[in-house]
$ cat target22.tsv   # TSV, C-alpha atoms
chain	number	residue	atom	x	y	z
A	14	MET	CA	131.51	17.61	-85.69
A	15	SER	CA	129.26	17.58	-82.64
A	16	MET	CA	130.23	19.67	-79.65
A	17	SER	CA	128.76	19.30	-76.17
A	18	LEU	CA	126.86	22.19	-74.72
A	19	ASP	CA	128.40	24.17	-71.86
A	20	LEU	CA	125.39	25.84	-70.29
A	21	ILE	CA	125.04	28.32	-67.44
A	22	VAL	CA	122.71	26.59	-64.98
A	23	VAL	CA	120.33	28.99	-63.23
A	24	SER	CA	118.46	26.33	-61.23
A	25	SER	CA	119.64	25.40	-57.74
A	26	SER	CA	119.43	21.67	-58.47
A	27	LEU	CA	119.37	19.30	-61.42
A	28	GLU	CA	117.92	15.84	-61.94
A	29	PRO	CA	120.20	14.00	-64.37
A	30	VAL	CA	118.91	10.96	-66.22
A	31	ASP	CA	121.20	7.94	-66.12
A	32	ALA	CA	122.32	5.95	-69.14
A	33	ALA	CA	120.10	3.01	-68.20
A	34	ALA	CA	116.96	5.13	-68.67
A	35	VAL	CA	118.13	6.29	-72.09
A	36	SER	CA	118.98	2.70	-73.08
A	37	ALA	CA	115.50	1.59	-71.97
A	38	LEU	CA	114.00	4.36	-74.11
A	39	GLU	CA	116.00	3.20	-77.13
A	40	GLN	CA	114.84	-0.38	-76.61
A	41	ARG	CA	111.21	0.75	-76.45
A	42	LEU	CA	111.60	2.81	-79.62
A	43	GLY	CA	113.69	0.28	-81.49
A	44	MET	CA	116.19	2.95	-82.53
A	45	PRO	CA	119.13	4.85	-80.99
A	46	MET	CA	118.68	8.35	-79.68
A	47	PRO	CA	120.64	11.13	-81.40
A	48	LEU	CA	124.33	11.67	-80.71
A	49	GLY	CA	124.71	13.78	-77.57
A	50	TYR	CA	121.25	13.10	-76.12
A	51	ALA	CA	122.47	10.69	-73.45
A	52	ASP	CA	125.28	13.08	-72.47
A	53	PHE	CA	122.82	15.97	-72.17
A	54	MET	CA	120.51	13.87	-69.98
A	55	ALA	CA	123.42	12.70	-67.81
A	56	THR	CA	124.64	16.27	-67.32
A	57	TYR	CA	121.49	18.38	-67.07
A	58	GLY	CA	118.34	16.28	-67.27
A	59	GLN	CA	115.05	17.68	-68.47
A	60	GLY	CA	114.45	21.43	-68.74
A	61	SER	CA	114.64	24.46	-71.01
A	62	VAL	CA	117.58	26.08	-72.79
A	63	CYS	CA	117.58	29.88	-73.07
A	64	ASN	CA	113.90	29.84	-72.06
A	65	ALA	CA	113.32	28.88	-75.70
A	66	PHE	CA	113.90	25.18	-76.33
A	67	ASP	CA	112.40	22.42	-74.17
A	68	VAL	CA	114.61	19.34	-73.73
A	69	TRP	CA	112.49	16.25	-73.13
A	70	GLY	CA	113.49	13.33	-70.96
A	71	PRO	CA	112.68	9.67	-71.79
A	72	THR	CA	109.34	9.65	-69.93
A	73	ARG	CA	108.00	12.70	-71.72
A	74	ILE	CA	109.14	11.37	-75.08
A	75	LEU	CA	107.25	8.11	-74.55
A	76	ASP	CA	104.18	9.89	-73.17
A	77	SER	CA	104.09	12.18	-76.21
A	78	LEU	CA	104.90	9.60	-78.87
A	79	ASP	CA	101.44	8.39	-79.90
A	80	GLY	CA	99.84	11.83	-79.76
A	81	MET	CA	102.54	13.45	-81.86
A	82	ARG	CA	102.47	10.71	-84.48
A	83	GLU	CA	98.69	11.01	-84.71
A	84	MET	CA	99.01	14.77	-85.13
A	85	TRP	CA	101.62	14.42	-87.88
A	86	ALA	CA	99.35	11.93	-89.65
A	87	GLU	CA	96.30	14.19	-89.47
A	88	TYR	CA	97.66	17.74	-89.59
A	89	TRP	CA	100.58	18.12	-91.98
A	90	PHE	CA	101.63	21.31	-93.73
A	91	TRP	CA	105.44	21.17	-93.84
A	92	LYS	CA	107.49	20.90	-97.02
A	93	HIS	CA	110.88	19.21	-97.43
A	94	PRO	CA	112.83	18.45	-100.61
A	95	GLU	CA	113.30	14.79	-99.69
A	96	LEU	CA	110.90	13.96	-96.87
A	97	GLY	CA	107.12	13.72	-96.83
A	98	GLN	CA	104.37	13.07	-94.33
A	99	ALA	CA	104.82	9.29	-94.56
A	100	ASP	CA	108.43	9.60	-93.37
A	101	PHE	CA	107.19	10.82	-90.00
A	102	ALA	CA	104.98	7.80	-89.30
A	103	ASP	CA	107.83	6.29	-87.25
A	104	ALA	CA	109.46	9.57	-86.19
A	105	VAL	CA	110.02	10.35	-82.53
A	106	PRO	CA	109.39	13.75	-80.86
A	107	VAL	CA	112.49	14.66	-78.82
A	108	GLY	CA	111.87	18.29	-77.85
A	109	GLY	CA	110.32	21.54	-78.92
A	110	SER	CA	109.33	25.02	-77.84
A	111	SER	CA	106.43	26.48	-75.91
A	112	ASP	CA	105.47	28.24	-79.15
A	113	GLY	CA	104.81	24.90	-80.85
A	114	ASP	CA	108.06	24.24	-82.75
A	115	GLN	CA	108.80	20.50	-82.80
A	116	LEU	CA	112.06	18.57	-83.04
A	117	ALA	CA	111.63	15.11	-84.54
A	118	LEU	CA	114.05	12.21	-84.87
A	119	VAL	CA	113.39	10.65	-88.28
A	120	PRO	CA	114.73	7.09	-88.73
A	121	GLY	CA	117.50	6.93	-91.29
A	122	ARG	CA	117.61	10.73	-91.59
A	123	GLY	CA	118.41	12.46	-88.33
A	124	LEU	CA	116.87	15.46	-86.61
A	125	VAL	CA	114.29	17.62	-88.37
A	126	MET	CA	112.76	20.82	-87.00
A	127	LEU	CA	109.07	21.37	-87.72
A	128	PRO	CA	108.43	25.08	-87.12
A	129	ARG	CA	105.09	26.29	-85.81
A	130	HIS	CA	104.97	29.41	-87.97
A	131	SER	CA	106.62	28.15	-91.17
A	132	ASP	CA	105.91	25.33	-93.61
A	133	GLU	CA	109.61	24.58	-94.13
A	134	ALA	CA	110.84	21.40	-92.44
A	135	ILE	CA	114.48	22.05	-91.55
A	136	ASP	CA	117.26	19.47	-91.32
A	137	VAL	CA	119.33	20.16	-88.20
A	138	GLY	CA	121.79	17.28	-88.38
A	139	THR	CA	122.30	14.18	-86.27
A	140	SER	CA	123.61	15.72	-83.03
A	141	TYR	CA	121.14	16.64	-80.29
A	142	SER	CA	123.48	19.25	-78.83
A	143	ASP	CA	124.01	20.84	-82.23
A	144	ALA	CA	120.25	20.95	-82.85
A	145	VAL	CA	119.61	22.69	-79.54
A	146	ARG	CA	122.44	25.14	-80.22
A	147	TRP	CA	121.06	25.83	-83.71
A	148	PHE	CA	117.59	26.55	-82.35
A	149	CYS	CA	118.89	29.02	-79.75
A	150	THR	CA	121.63	30.75	-81.75
A	151	SER	CA	120.77	30.68	-85.46
A	152	GLY	CA	118.04	33.31	-85.29
A	153	ARG	CA	115.87	31.27	-87.66
A	154	LEU	CA	112.96	30.56	-85.31
A	155	VAL	CA	113.66	32.63	-82.19
A	156	VAL	CA	115.80	35.66	-81.43
A	157	ALA	CA	119.41	34.48	-81.42
A	158	SER	CA	121.07	34.05	-78.02
A	159	GLU	CA	124.74	34.72	-77.36
A	160	VAL	CA	124.70	33.17	-73.90
A	161	LEU	CA	123.44	29.61	-73.51
A	162	TRP	CA	121.74	28.78	-70.22
A	163	PHE	CA	119.63	26.04	-68.68
A	164	ALA	CA	116.67	25.97	-66.29
A	165	SER	CA	115.72	22.60	-64.84
A	166	TRP	CA	112.14	21.41	-64.38
A	167	THR	CA	113.11	19.50	-61.24
A	168	ARG	CA	111.49	21.97	-58.89
A	169	GLN	CA	108.53	24.24	-59.33
A	170	SER	CA	109.43	27.92	-59.50
A	171	CYS	CA	107.54	31.11	-58.81
A	172	TYR	CA	106.84	33.29	-61.85
A	173	GLU	CA	105.91	36.95	-62.09
A	174	ASN	CA	105.02	39.36	-64.86
A	175	TRP	CA	105.62	43.06	-64.38
A	176	ALA	CA	104.78	46.03	-66.60
A	177	GLY	CA	105.73	49.67	-66.82
A	178	GLY	CA	108.88	51.65	-66.29
A	179	GLU	CA	111.56	52.61	-68.80
A	180	LEU	CA	113.86	50.04	-70.38
A	181	ASP	CA	117.20	51.61	-69.48
A	182	ARG	CA	116.11	52.45	-65.96
A	183	VAL	CA	114.80	48.94	-65.28
A	184	ARG	CA	117.83	47.30	-66.86
A	185	ASP	CA	120.20	49.47	-64.82
A	186	ALA	CA	118.26	48.79	-61.61
A	187	ILE	CA	118.60	45.03	-62.01
A	188	SER	CA	122.23	45.26	-63.12
A	189	ASP	CA	123.16	47.47	-60.18
A	190	LEU	CA	122.06	44.75	-57.75
A	191	GLU	CA	125.08	42.70	-58.97
A	192	MET	CA	123.18	39.45	-58.47
A	193	HIS	CA	123.54	38.16	-62.01
A	194	VAL	CA	126.35	36.00	-63.37
A	195	ALA	CA	125.66	36.95	-66.99
A	196	GLU	CA	123.42	39.16	-69.07
A	197	GLU	CA	121.94	37.95	-72.33
A	198	ALA	CA	121.24	41.01	-74.47
A	199	SER	CA	118.92	39.98	-77.31
A	200	GLY	CA	119.21	43.19	-79.28
A	201	ALA	CA	118.79	46.72	-78.02
A	202	ASP	CA	115.28	46.15	-76.64
A	203	ALA	CA	115.68	43.00	-74.55
A	204	SER	CA	117.92	41.66	-71.77
A	205	THR	CA	117.85	38.58	-69.58
A	206	PHE	CA	119.80	38.60	-66.32
A	207	LEU	CA	120.84	35.09	-65.19
A	208	ILE	CA	120.67	34.80	-61.40
A	209	PRO	CA	121.51	31.29	-60.11
A	210	ALA	CA	121.57	32.65	-56.53
A	211	MET	CA	117.78	32.85	-56.62
A	212	GLY	CA	117.30	29.91	-58.98
A	213	GLY	CA	116.11	31.94	-61.93
A	214	HIS	CA	116.35	35.01	-64.09
A	215	VAL	CA	114.86	38.40	-64.92
A	216	SER	CA	113.92	39.19	-68.52
A	217	VAL	CA	113.24	42.76	-69.64
A	218	LEU	CA	111.60	43.45	-73.00
A	219	ARG	CA	110.46	46.62	-74.71
A	220	PRO	CA	107.69	45.54	-77.13
A	221	SER	CA	107.17	47.30	-80.43
A	222	GLY	CA	104.42	49.86	-80.68
A	223	ASP	CA	102.82	51.47	-77.66
A	224	ALA	CA	102.81	48.44	-75.35
A	225	GLU	CA	104.28	48.87	-71.88
A	226	LEU	CA	107.66	47.52	-70.91
A	227	TYR	CA	107.41	43.81	-70.04
A	228	VAL	CA	109.43	42.19	-67.23
A	229	HIS	CA	109.36	38.49	-66.42
A	230	VAL	CA	110.84	37.13	-63.18
A	231	ARG	CA	111.49	33.49	-62.30
A	232	PHE	CA	112.79	32.40	-58.89
A	233	GLU	CA	112.68	29.36	-56.63
A	234	PRO	CA	110.42	29.81	-53.60
A	235	GLU	CA	113.06	29.41	-50.88
A	236	PHE	CA	114.98	32.37	-52.26
A	237	ALA	CA	112.22	34.85	-51.48
A	238	ALA	CA	114.64	37.10	-49.57
A	239	LEU	CA	116.81	37.55	-52.64
A	240	HIS	CA	113.75	38.02	-54.80
A	241	ALA	CA	112.68	40.82	-52.46
A	242	ARG	CA	115.69	42.81	-53.68
A	243	ILE	CA	114.49	42.36	-57.28
A	244	GLU	CA	110.99	43.35	-56.24
A	245	ALA	CA	112.20	46.53	-54.52
A	246	ALA	CA	114.34	47.48	-57.51
A	247	LEU	CA	111.41	47.08	-59.90
A	248	ILE	CA	109.06	49.06	-57.69
A	249	GLY	CA	111.68	51.78	-57.57
A	250	THR	CA	111.49	52.10	-61.36
A	251	ALA	CA	107.68	52.48	-61.27
A	252	ALA	CA	107.12	48.98	-62.67
A	253	ARG	CA	103.99	47.18	-61.45
A	254	ARG	CA	103.53	43.48	-60.72
A	255	MET	CA	100.68	42.23	-62.90
A	256	ALA	CA	100.57	38.51	-62.12
A	257	ARG	CA	102.22	35.78	-60.05
A	258	TRP	CA	101.80	32.02	-60.46
A	259	GLY	CA	103.53	28.73	-59.75
A	260	ALA	CA	105.03	28.01	-56.34
A	261	GLU	CA	104.40	30.37	-53.46
A	262	PRO	CA	107.47	32.13	-51.99
A	263	VAL	CA	108.75	30.75	-48.69
A	264	THR	CA	108.92	33.62	-46.22

$ encode --input "target22.tsv" --output "structure tokens"
Amino acid sequence: MSMSLDLIVVSSSLEPVDAAAVSALEQRLGMPMPLGYADFMATYGQGSVCNAFDVWGPTRILDSLDGMREMWAEYWFWKHPELGQADFADAVPVGGSSDGDQLALVPGRGLVMLPRHSDEAIDVGTSYSDAVRWFCTSGRLVVASEVLWFASWTRQSCYENWAGGELDRVRDAISDLEMHVAEEASGADASTFLIPAMGGHVSVLRPSGDAELYVHVRFEPEFAALHARIEAALIGTAARRMARWGAEPVT
């Protein structure tokens, strides 16, 4: 049974997609969208879930359709007990990950995940919400999340990468600011602090081997004053900002 997703929204604003746009998409495709897709669009719009799965709106689906079908026709390496390359000639791309994982709607079948780093095509049911939940929580393709959250693509954010410092010290410094509404702890070596007040999050990761601690910060530009508290906390742990891109902070 399909269950709707209840996501923590870290973005300051959303851009829902109305039912008319989804109906127009279905008419163009000549097939219905998966169960739960229209509800997701009406509630959240286009964006990313857990910084792992990208939810595509109708425009992106149509813009990507021909290119994805051409790619499936030319470059095919997945295996499935019942489906083959020809079954994807009329399939529709409906989402994916920045790492290259693809979610396809196969007529008469349902939703199938095509992993970037595996040749196993995986059935993920007929519910869009369930497929997104599976991707983020199963641990099959990405580290499993216990907290589900959503970042909208409505507005451009500012992004930063930091390096250095010690994991516990950095994690405690961010936690002590008491700006986050939830912490997603992906194992002992990674945490993501969800901070809707600044339209973003802070992710802290201790890589394997000798690599330095990695910290990623996302915030919306008008919340530069709140970001300054994050910045000061990181500097206080001896972390160093390595790069900044996207929107410029509004000071």

$ closest_residue --input "target22.tsv" --among "A:Val194, A:Leu207, A:Ala55, A:Ala34" --to "A:Phe163" --atoms "all atoms listed in the file"
A:Leu207

$ atom_distance --input "target22.tsv" --atom1 "atom CA of A:Pro29" --atom2 "atom CA of A:Tyr57"
5.3 Å

$ residues_around --input "target22.tsv" --residues "A:Leu180" --least-positions-apart "5" --cutoff "12 Å" --atoms "all atoms listed in the file" --output "short mmCIF file (atom, residue, chain, number, x, y, z; two decimals) with C-alpha atoms, in the coordinates of the input"
data_model
loop_
_atom_site.label_atom_id
_atom_site.label_comp_id
_atom_site.auth_asym_id
_atom_site.auth_seq_id
_atom_site.Cartn_x
_atom_site.Cartn_y
_atom_site.Cartn_z
CA ASP A 185 120.20 49.47 -64.82
CA ALA A 186 118.26 48.79 -61.61
CA ILE A 187 118.60 45.03 -62.01
CA ALA A 201 118.79 46.72 -78.02
CA ASP A 202 115.28 46.15 -76.64
CA ALA A 203 115.68 43.00 -74.55
CA SER A 204 117.92 41.66 -71.77
CA SER A 216 113.92 39.19 -68.52
CA VAL A 217 113.24 42.76 -69.64
CA LEU A 218 111.60 43.45 -73.00
CA ARG A 219 110.46 46.62 -74.71
CA PRO A 220 107.69 45.54 -77.13
CA GLU A 225 104.28 48.87 -71.88
CA LEU A 226 107.66 47.52 -70.91
CA TYR A 227 107.41 43.81 -70.04
CA VAL A 228 109.43 42.19 -67.23
CA LEU A 247 111.41 47.08 -59.90
CA THR A 250 111.49 52.10 -61.36
CA ALA A 251 107.68 52.48 -61.27
CA ALA A 252 107.12 48.98 -62.67
#

$ closest_atom_pairs --input "target22.tsv" --of "stretch 146-231 of chain A" --to "stretch 122-141 of chain A" --cutoff "10 Å" --atoms "all atoms listed in the file" --output "Markdown table"
| residue | atom | partner | partner_atom | distance |
| --- | --- | --- | --- | --- |
| A:Arg146 | CA | A:Tyr141 | CA | 8.6 |
| A:Trp147 | CA | A:Val137 | CA | 7.4 |
| A:Phe148 | CA | A:Met126 | CA | 8.8 |
| A:Arg153 | CA | A:Pro128 | CA | 9.7 |
| A:Leu154 | CA | A:Pro128 | CA | 7.3 |

$ atom_distance --input "target22.tsv" --atom1 "atom CA of A:Glu95" --atom2 "atom CA of A:Leu116"
17.1 Å

$ closest_residue --input "target22.tsv" --among "A:Gly212, A:Tyr88, A:Gly121, A:Val155" --to "A:Asp100" --atoms "all atoms listed in the file"
A:Gly121

$ closest_residue --input "target22.tsv" --among "A:Val62, A:Ala237, A:Leu118, A:Gly97" --to "A:Met81" --atoms "only C-alpha atoms"
A:Leu118

$ closest_residue --input "target22.tsv" --among "A:Pro234, A:Gly58, A:Pro94, A:Gly200" --to "A:Pro262" --atoms "all atoms listed in the file"
A:Pro234

$ residues_around --input "target22.tsv" --residues "A:Ser25" --least-positions-apart "3" --cutoff "8 Å" --atoms "all atoms listed in the file" --output "short mmCIF file (atom, residue, chain, number, x, y, z; two decimals) with C-alpha atoms, in the frame of the given file"
data_model
loop_
_atom_site.label_atom_id
_atom_site.label_comp_id
_atom_site.auth_asym_id
_atom_site.auth_seq_id
_atom_site.Cartn_x
_atom_site.Cartn_y
_atom_site.Cartn_z
CA VAL A 22 122.71 26.59 -64.98
CA PRO A 209 121.51 31.29 -60.11
CA ALA A 210 121.57 32.65 -56.53
CA MET A 211 117.78 32.85 -56.62
CA GLY A 212 117.30 29.91 -58.98
#

$ closest_residue --input "target22.tsv" --among "A:Ala176, A:Ala198, A:Met44, A:Ala65" --to "A:Asp103" --atoms "all atoms listed in the file"
A:Met44
